[in-house]
Structures are given as structure tokens and as C-alpha cells.
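With PDB, C-alpha atoms inside, this is coords02.pdb:
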```
ATOM      1  CA  MET A  19      64.742  -0.995 -50.083  1.00  0.00           C
ATOM      2  CA  SER A  20      61.546  -0.778 -52.055  1.00  0.00           C
ATOM      3  CA  ASP A  21      61.064  -2.618 -55.282  1.00  0.00           C
ATOM      4  CA  LEU A  22      59.541   0.397 -57.017  1.00  0.00           C
ATOM      5  CA  ALA A  23      61.008  -0.550 -60.356  1.00  0.00           C
ATOM      6  CA  SER A  24      58.874  -3.685 -60.471  1.00  0.00           C
ATOM      7  CA  GLU A  25      55.752  -2.013 -59.101  1.00  0.00           C
ATOM      8  CA  GLN A  26      55.584   0.921 -61.500  1.00  0.00           C
ATOM      9  CA  PRO A  27      55.921   1.058 -65.272  1.00  0.00           C
ATOM     10  CA  ALA A  28      59.132   2.664 -66.498  1.00  0.00           C
ATOM     11  CA  GLN A  29      58.644   6.279 -67.434  1.00  0.00           C
ATOM     12  CA  SER A  30      61.018   8.773 -68.928  1.00  0.00           C
ATOM     13  CA  ALA A  31      62.076  11.673 -66.755  1.00  0.00           C
ATOM     14  CA  GLN A  32      60.072  13.982 -69.008  1.00  0.00           C
ATOM     15  CA  SER A  33      56.842  12.056 -68.485  1.00  0.00           C
ATOM     16  CA  VAL A  34      57.320  12.095 -64.710  1.00  0.00           C
ATOM     17  CA  ARG A  35      58.426  15.701 -64.336  1.00  0.00           C
ATOM     18  CA  PRO A  36      57.800  18.772 -66.468  1.00  0.00           C
ATOM     19  CA  ALA A  37      60.725  20.167 -68.427  1.00  0.00           C
ATOM     20  CA  GLN A  38      62.823  22.866 -66.747  1.00  0.00           C
ATOM     21  CA  SER A  39      61.136  25.639 -68.750  1.00  0.00           C
ATOM     22  CA  GLU A  40      57.690  24.312 -67.780  1.00  0.00           C
ATOM     23  CA  ARG A  41      58.709  24.109 -64.109  1.00  0.00           C
ATOM     24  CA  SER A  42      60.024  27.674 -64.200  1.00  0.00           C
ATOM     25  CA  ALA A  43      56.762  28.921 -65.741  1.00  0.00           C
ATOM     26  CA  GLN A  44      54.708  26.943 -63.221  1.00  0.00           C
ATOM     27  CA  SER A  45      56.690  28.258 -60.259  1.00  0.00           C
ATOM     28  CA  GLU A  46      56.238  31.843 -61.441  1.00  0.00           C
ATOM     29  CA  GLN A  47      52.459  31.307 -61.654  1.00  0.00           C
ATOM     30  CA  SER A  48      51.938  29.368 -58.423  1.00  0.00           C
ATOM     31  CA  ALA A  49      51.401  30.884 -55.017  1.00  0.00           C
ATOM     32  CA  PRO A  50      54.473  30.841 -52.721  1.00  0.00           C
ATOM     33  CA  ASP A  51      52.891  28.267 -50.381  1.00  0.00           C
ATOM     34  CA  ASP A  52      52.234  25.867 -53.306  1.00  0.00           C
ATOM     35  CA  SER A  53      55.900  25.111 -53.871  1.00  0.00           C
ATOM     36  CA  GLY A  54      58.957  24.283 -51.860  1.00  0.00           C
ATOM     37  CA  PHE A  55      61.401  26.942 -50.859  1.00  0.00           C
ATOM     38  CA  ALA A  56      64.621  24.907 -51.199  1.00  0.00           C
ATOM     39  CA  ARG A  57      66.387  23.073 -53.987  1.00  0.00           C
ATOM     40  CA  LEU A  58      68.468  19.936 -53.569  1.00  0.00           C
ATOM     41  CA  ALA A  59      72.107  21.009 -53.795  1.00  0.00           C
ATOM     42  CA  MET A  60      73.795  17.641 -53.404  1.00  0.00           C
ATOM     43  CA  VAL A  61      73.392  14.188 -51.918  1.00  0.00           C
ATOM     44  CA  THR A  62      76.409  13.430 -49.717  1.00  0.00           C
ATOM     45  CA  ILE A  63      77.292   9.879 -48.734  1.00  0.00           C
ATOM     46  CA  ASP A  64      79.289   9.230 -45.560  1.00  0.00           C
ATOM     47  CA  CYS A  65      82.206   6.828 -45.905  1.00  0.00           C
ATOM     48  CA  ALA A  66      85.716   6.029 -44.680  1.00  0.00           C
ATOM     49  CA  ASP A  67      87.416   6.717 -48.046  1.00  0.00           C
ATOM     50  CA  PRO A  68      85.775   9.374 -50.233  1.00  0.00           C
ATOM     51  CA  VAL A  69      88.390   9.019 -52.993  1.00  0.00           C
ATOM     52  CA  ALA A  70      87.697   5.303 -53.441  1.00  0.00           C
ATOM     53  CA  LEU A  71      83.912   5.629 -53.198  1.00  0.00           C
ATOM     54  CA  ALA A  72      83.812   8.537 -55.676  1.00  0.00           C
ATOM     55  CA  SER A  73      85.903   6.438 -58.060  1.00  0.00           C
ATOM     56  CA  PHE A  74      83.453   3.524 -57.715  1.00  0.00           C
ATOM     57  CA  TYR A  75      80.340   5.639 -58.389  1.00  0.00           C
ATOM     58  CA  GLY A  76      82.117   7.656 -61.090  1.00  0.00           C
ATOM     59  CA  GLU A  77      82.765   4.436 -63.009  1.00  0.00           C
ATOM     60  CA  LEU A  78      79.301   3.030 -62.266  1.00  0.00           C
ATOM     61  CA  LEU A  79      77.493   6.154 -63.497  1.00  0.00           C
ATOM     62  CA  GLY A  80      80.021   7.546 -65.984  1.00  0.00           C
ATOM     63  CA  TRP A  81      80.131  10.851 -64.060  1.00  0.00           C
ATOM     64  CA  GLU A  82      83.122  13.200 -63.956  1.00  0.00           C
ATOM     65  CA  THR A  83      84.939  14.174 -60.782  1.00  0.00           C
ATOM     66  CA  ARG A  84      84.627  17.867 -59.927  1.00  0.00           C
ATOM     67  CA  HIS A  85      86.637  17.779 -56.698  1.00  0.00           C
ATOM     68  CA  VAL A  86      88.564  15.174 -54.766  1.00  0.00           C
ATOM     69  CA  ASP A  87      90.768  15.257 -51.687  1.00  0.00           C
ATOM     70  CA  GLU A  88      91.261  12.948 -48.727  1.00  0.00           C
ATOM     71  CA  ARG A  89      88.252  14.432 -46.883  1.00  0.00           C
ATOM     72  CA  PHE A  90      85.666  14.980 -49.619  1.00  0.00           C
ATOM     73  CA  ALA A  91      84.877  14.222 -53.259  1.00  0.00           C
ATOM     74  CA  ILE A  92      82.184  15.446 -55.658  1.00  0.00           C
ATOM     75  CA  LEU A  93      80.884  13.861 -58.873  1.00  0.00           C
ATOM     76  CA  ASP A  94      78.996  16.057 -61.334  1.00  0.00           C
ATOM     77  CA  ASN A  95      75.768  14.827 -62.901  1.00  0.00           C
ATOM     78  CA  PRO A  96      76.229  15.253 -66.671  1.00  0.00           C
ATOM     79  CA  GLU A  97      72.445  15.592 -67.105  1.00  0.00           C
ATOM     80  CA  GLY A  98      72.487  18.732 -64.969  1.00  0.00           C
ATOM     81  CA  GLY A  99      70.928  17.231 -61.846  1.00  0.00           C
ATOM     82  CA  SER A 100      72.329  17.370 -58.340  1.00  0.00           C
ATOM     83  CA  PRO A 101      75.855  16.052 -57.859  1.00  0.00           C
ATOM     84  CA  LEU A 102      76.906  13.252 -55.515  1.00  0.00           C
ATOM     85  CA  GLY A 103      79.280  14.040 -52.670  1.00  0.00           C
ATOM     86  CA  PHE A 104      81.334  11.652 -50.555  1.00  0.00           C
ATOM     87  CA  GLY A 105      82.520  12.733 -47.122  1.00  0.00           C
ATOM     88  CA  ARG A 106      85.042  11.079 -44.815  1.00  0.00           C
ATOM     89  CA  VAL A 107      83.634  10.147 -41.406  1.00  0.00           C
ATOM     90  CA  THR A 108      86.073   9.087 -38.716  1.00  0.00           C
ATOM     91  CA  GLY A 109      85.052   5.706 -37.350  1.00  0.00           C
ATOM     92  CA  TYR A 110      82.618   5.081 -40.230  1.00  0.00           C
ATOM     93  CA  ARG A 111      80.808   1.737 -40.012  1.00  0.00           C
ATOM     94  CA  PRO A 112      78.662   0.405 -42.844  1.00  0.00           C
ATOM     95  CA  GLU A 113      74.961   0.009 -42.274  1.00  0.00           C
ATOM     96  CA  PRO A 114      73.604  -3.546 -42.038  1.00  0.00           C
ATOM     97  CA  TRP A 115      71.990  -5.266 -44.992  1.00  0.00           C
ATOM     98  CA  THR A 116      72.561  -8.873 -44.037  1.00  0.00           C
ATOM     99  CA  GLU A 117      69.093  -9.341 -42.566  1.00  0.00           C
ATOM    100  CA  PRO A 118      65.727  -8.698 -44.253  1.00  0.00           C
ATOM    101  CA  ASP A 119      64.858  -6.208 -41.511  1.00  0.00           C
ATOM    102  CA  GLY A 120      68.308  -4.557 -41.452  1.00  0.00           C
ATOM    103  CA  SER A 121      68.116  -0.854 -40.701  1.00  0.00           C
ATOM    104  CA  LYS A 122      69.676   1.006 -43.586  1.00  0.00           C
ATOM    105  CA  HIS A 123      69.989   4.777 -43.533  1.00  0.00           C
ATOM    106  CA  PHE A 124      69.498   5.354 -47.248  1.00  0.00           C
ATOM    107  CA  HIS A 125      69.927   3.603 -50.557  1.00  0.00           C
ATOM    108  CA  LEU A 126      70.289   4.555 -54.187  1.00  0.00           C
ATOM    109  CA  ASP A 127      68.377   2.859 -57.007  1.00  0.00           C
ATOM    110  CA  PHE A 128      69.632   2.979 -60.591  1.00  0.00           C
ATOM    111  CA  TYR A 129      67.934   2.013 -63.832  1.00  0.00           C
ATOM    112  CA  VAL A 130      70.086  -0.099 -66.169  1.00  0.00           C
ATOM    113  CA  ASP A 131      69.617  -1.374 -69.706  1.00  0.00           C
ATOM    114  CA  ASP A 132      70.773  -4.931 -68.983  1.00  0.00           C
ATOM    115  CA  LEU A 133      70.501  -6.161 -65.381  1.00  0.00           C
ATOM    116  CA  GLU A 134      72.843  -9.144 -65.725  1.00  0.00           C
ATOM    117  CA  GLU A 135      75.552  -7.200 -67.574  1.00  0.00           C
ATOM    118  CA  SER A 136      75.285  -4.203 -65.227  1.00  0.00           C
ATOM    119  CA  THR A 137      75.477  -6.443 -62.170  1.00  0.00           C
ATOM    120  CA  ALA A 138      78.660  -8.037 -63.511  1.00  0.00           C
ATOM    121  CA  LYS A 139      80.189  -4.612 -64.213  1.00  0.00           C
ATOM    122  CA  ALA A 140      79.310  -3.313 -60.733  1.00  0.00           C
ATOM    123  CA  LEU A 141      80.812  -6.430 -59.143  1.00  0.00           C
ATOM    124  CA  ALA A 142      83.988  -5.928 -61.209  1.00  0.00           C
ATOM    125  CA  LEU A 143      84.202  -2.354 -59.872  1.00  0.00           C
ATOM    126  CA  GLY A 144      84.192  -3.653 -56.292  1.00  0.00           C
ATOM    127  CA  ALA A 145      80.517  -4.034 -55.352  1.00  0.00           C
ATOM    128  CA  THR A 146      79.456  -7.190 -53.549  1.00  0.00           C
ATOM    129  CA  GLU A 147      76.213  -9.127 -53.768  1.00  0.00           C
ATOM    130  CA  PRO A 148      74.491  -9.985 -50.496  1.00  0.00           C
ATOM    131  CA  SER A 149      72.753 -13.331 -50.214  1.00  0.00           C
ATOM    132  CA  TYR A 150      69.483 -11.667 -49.231  1.00  0.00           C
ATOM    133  CA  GLN A 151      67.548 -10.279 -52.235  1.00  0.00           C
ATOM    134  CA  HIS A 152      63.998  -9.126 -51.588  1.00  0.00           C
ATOM    135  CA  GLY A 153      62.862  -8.094 -55.052  1.00  0.00           C
ATOM    136  CA  ARG A 154      62.219 -10.003 -58.214  1.00  0.00           C
ATOM    137  CA  THR A 155      63.517  -7.385 -60.611  1.00  0.00           C
ATOM    138  CA  LEU A 156      65.673  -5.227 -58.337  1.00  0.00           C
ATOM    139  CA  LYS A 157      69.213  -6.511 -57.764  1.00  0.00           C
ATOM    140  CA  VAL A 158      70.617  -5.314 -54.441  1.00  0.00           C
ATOM    141  CA  LEU A 159      74.375  -4.815 -54.306  1.00  0.00           C
ATOM    142  CA  ILE A 160      76.673  -3.325 -51.677  1.00  0.00           C
ATOM    143  CA  ASP A 161      79.126  -0.570 -52.638  1.00  0.00           C
ATOM    144  CA  PRO A 162      82.755  -0.728 -51.411  1.00  0.00           C
ATOM    145  CA  ALA A 163      81.876   1.381 -48.339  1.00  0.00           C
ATOM    146  CA  GLY A 164      79.030  -0.968 -47.328  1.00  0.00           C
ATOM    147  CA  HIS A 165      76.008   1.009 -48.607  1.00  0.00           C
ATOM    148  CA  PRO A 166      73.247  -0.971 -50.319  1.00  0.00           C
ATOM    149  CA  PHE A 167      72.158   0.143 -53.789  1.00  0.00           C
ATOM    150  CA  GLY A 168      69.770  -1.310 -56.325  1.00  0.00           C
ATOM    151  CA  LEU A 169      69.956  -1.987 -60.043  1.00  0.00           C
ATOM    152  CA  ALA A 170      66.665  -2.318 -61.897  1.00  0.00           C
ATOM    153  CA  PRO A 171      65.915  -2.901 -65.575  1.00  0.00           C
ATOM    154  CA  LEU A 172      64.489   0.134 -67.350  1.00  0.00           C
ATOM    155  CA  GLU A 173      61.947  -1.951 -69.264  1.00  0.00           C
TER     156      GLU A 173
END
```
Structure translated into C-alpha cells:
Amino acid sequence: MSDLASEQPAQSAQSVRPAQSERSAQSEQSAPDDSGFARLAMVTIDCADPVALASFYGELLGWETRHVDERFAILDNPEGGSPLGFGRVTGYRPEPWTEPDGSKHFHLDFYVDDLEESTAKALALGATEPSYQHGRTLKVLIDPAGHPFGLAPLE
């Protein structure tokens, strides 16, 4: 997991990416080979219990549940971005994070206003804190399904 939050100054989403109207105007003006041809529809996280994991991330992010059943759950991004999906995988096993060179498949990083308070809240929701922490400002936690995720101060 990279410690990007400590390596780069915090920027608002608007300073990093043009507004939707600017992106639409740019895409109309650019040549077809200058832009991608697909849009991210959803990030789906494999797990053993999609209901429980959607509940965890729904509380962590304050996102609403669009759909939930025993096989799949979807949380909507209230800011209009791509939703998060959670899909049941038979025989799911969490990826390792116990060693510094553990091979993780993906991770999510989240900006928070107060790292200590947000860590405590995430732990109360069911996250765990591994003993290995590689960053100075990024707090690595493990979600209830065993996926690593990071909390980083927005400052």
C-alpha cells in the first residue's frame, strides 16, 4: 500500500480533476484516441458476506445501500461517483497483510479529518489494526472480510 497521502500535498477533487462540465467540453473537443473509451461503472470487492461488508463500508463512508441480498450488495456514492459493490465468493480467503511484503490484490485509501478519531470509529465498526504499519501518516486497517484499507489525514 503506498503512502501517497504523505508524499503529495492534499488537493481538492476540483484541483486534481476538471469539473464534469469541463470534462464533457474537453472530451467533445479531443480526438477519439486522446481519451479512454470506457467509464468506471463500479468497484466490486470479493468477500464471504456481502451484507456484512456493505454494512461496514456504508457506516465508514456514510453511503446509502442501493441493493442488498445474500449474494451481492451495492452502496451508492452520494457525490455521484462510482458505487461500491460487494460480491459473495464461495471459499473466499482474505489476502495477507501480516508481512511487509504480503501480496495484496487491492486496497482502498480514504482521507479523514481526524486520523485518531477515524481509526477508533473504524475499529468500533469491526476493522482490526495489524501490527505492521509501513507509513508515517497512513494508518492501515483490515476490514471485516480481511481486506487492507488506509486512513490518511486530509491536511
Please expand the PyMOL selection byres ((chain A and resi 132-145) around 6) into the concrete residues it hits in this file, giving the result as a PyMOL selection string. chain A and resi 130-131+146+160-162+171
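We find CA of Ala72 in chain A and CA of His152 in chain A to be spaced 26.9 Å apart.
At a cut-off of 6 Å from (65.0, -3.8, -56.9), the residue set is Asp21, Gly153, Thr155, Leu156, Lys157, Gly168 and Ala170 of chain A (counting only C-alpha atoms).
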One-decimal distance in Å that lies between CA of Tyr110 in chain A and CA of Arg84 in chain A: 23.6 Å
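The smallest atom-to-atom distance between Val86 in chain A and any of A:Phe104, A:Gly99, A:Thr62, A:Phe74, using only C-alpha atoms, is found for A:Phe104.
Considering the residues A:Leu102, A:Leu126, A:Ala91, A:Ala163 and counting all atoms listed in the file, Leu58 in chain A has its shortest atom-to-atom contact with A:Leu102.
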Taking the file as shown, what set of residues would the PyMOL selection byres ((chain A and resi 85) around 12) give back, as JSON, numbers by chain? {"A": [68, 69, 72, 73, 76, 82, 83, 84, 86, 87, 88, 89, 90, 91, 92, 93, 94, 101, 102, 103, 104, 105]}
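Of note, CA of Tyr150 in chain A and CA of Asp67 in chain A are spaced 25.7 Å apart.
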Residues matched by the PyMOL selection byres ((chain A and resi 166) around 9), written as number ranges by chain: A: 19, 113-115, 122, 124-126, 158-161, 164-165, 167-168
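Checking A:Ser53, A:Pro148, A:Arg106, A:Leu169 one by one against Ala70 in chain A, counting only C-alpha atoms, you find the shortest gap at A:Arg106.
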How big is the axis-aligned box around all listed atoms of range 137-142 of chain A once 8 Å goes on each side, and where's its centre, in Å to one decimal, as lines of an AutoDock Vina configuration file?
```
center_x = 79.7
center_y = -5.7
center_z = -61.7
size_x = 24.5
size_y = 20.7
size_z = 21.1
```
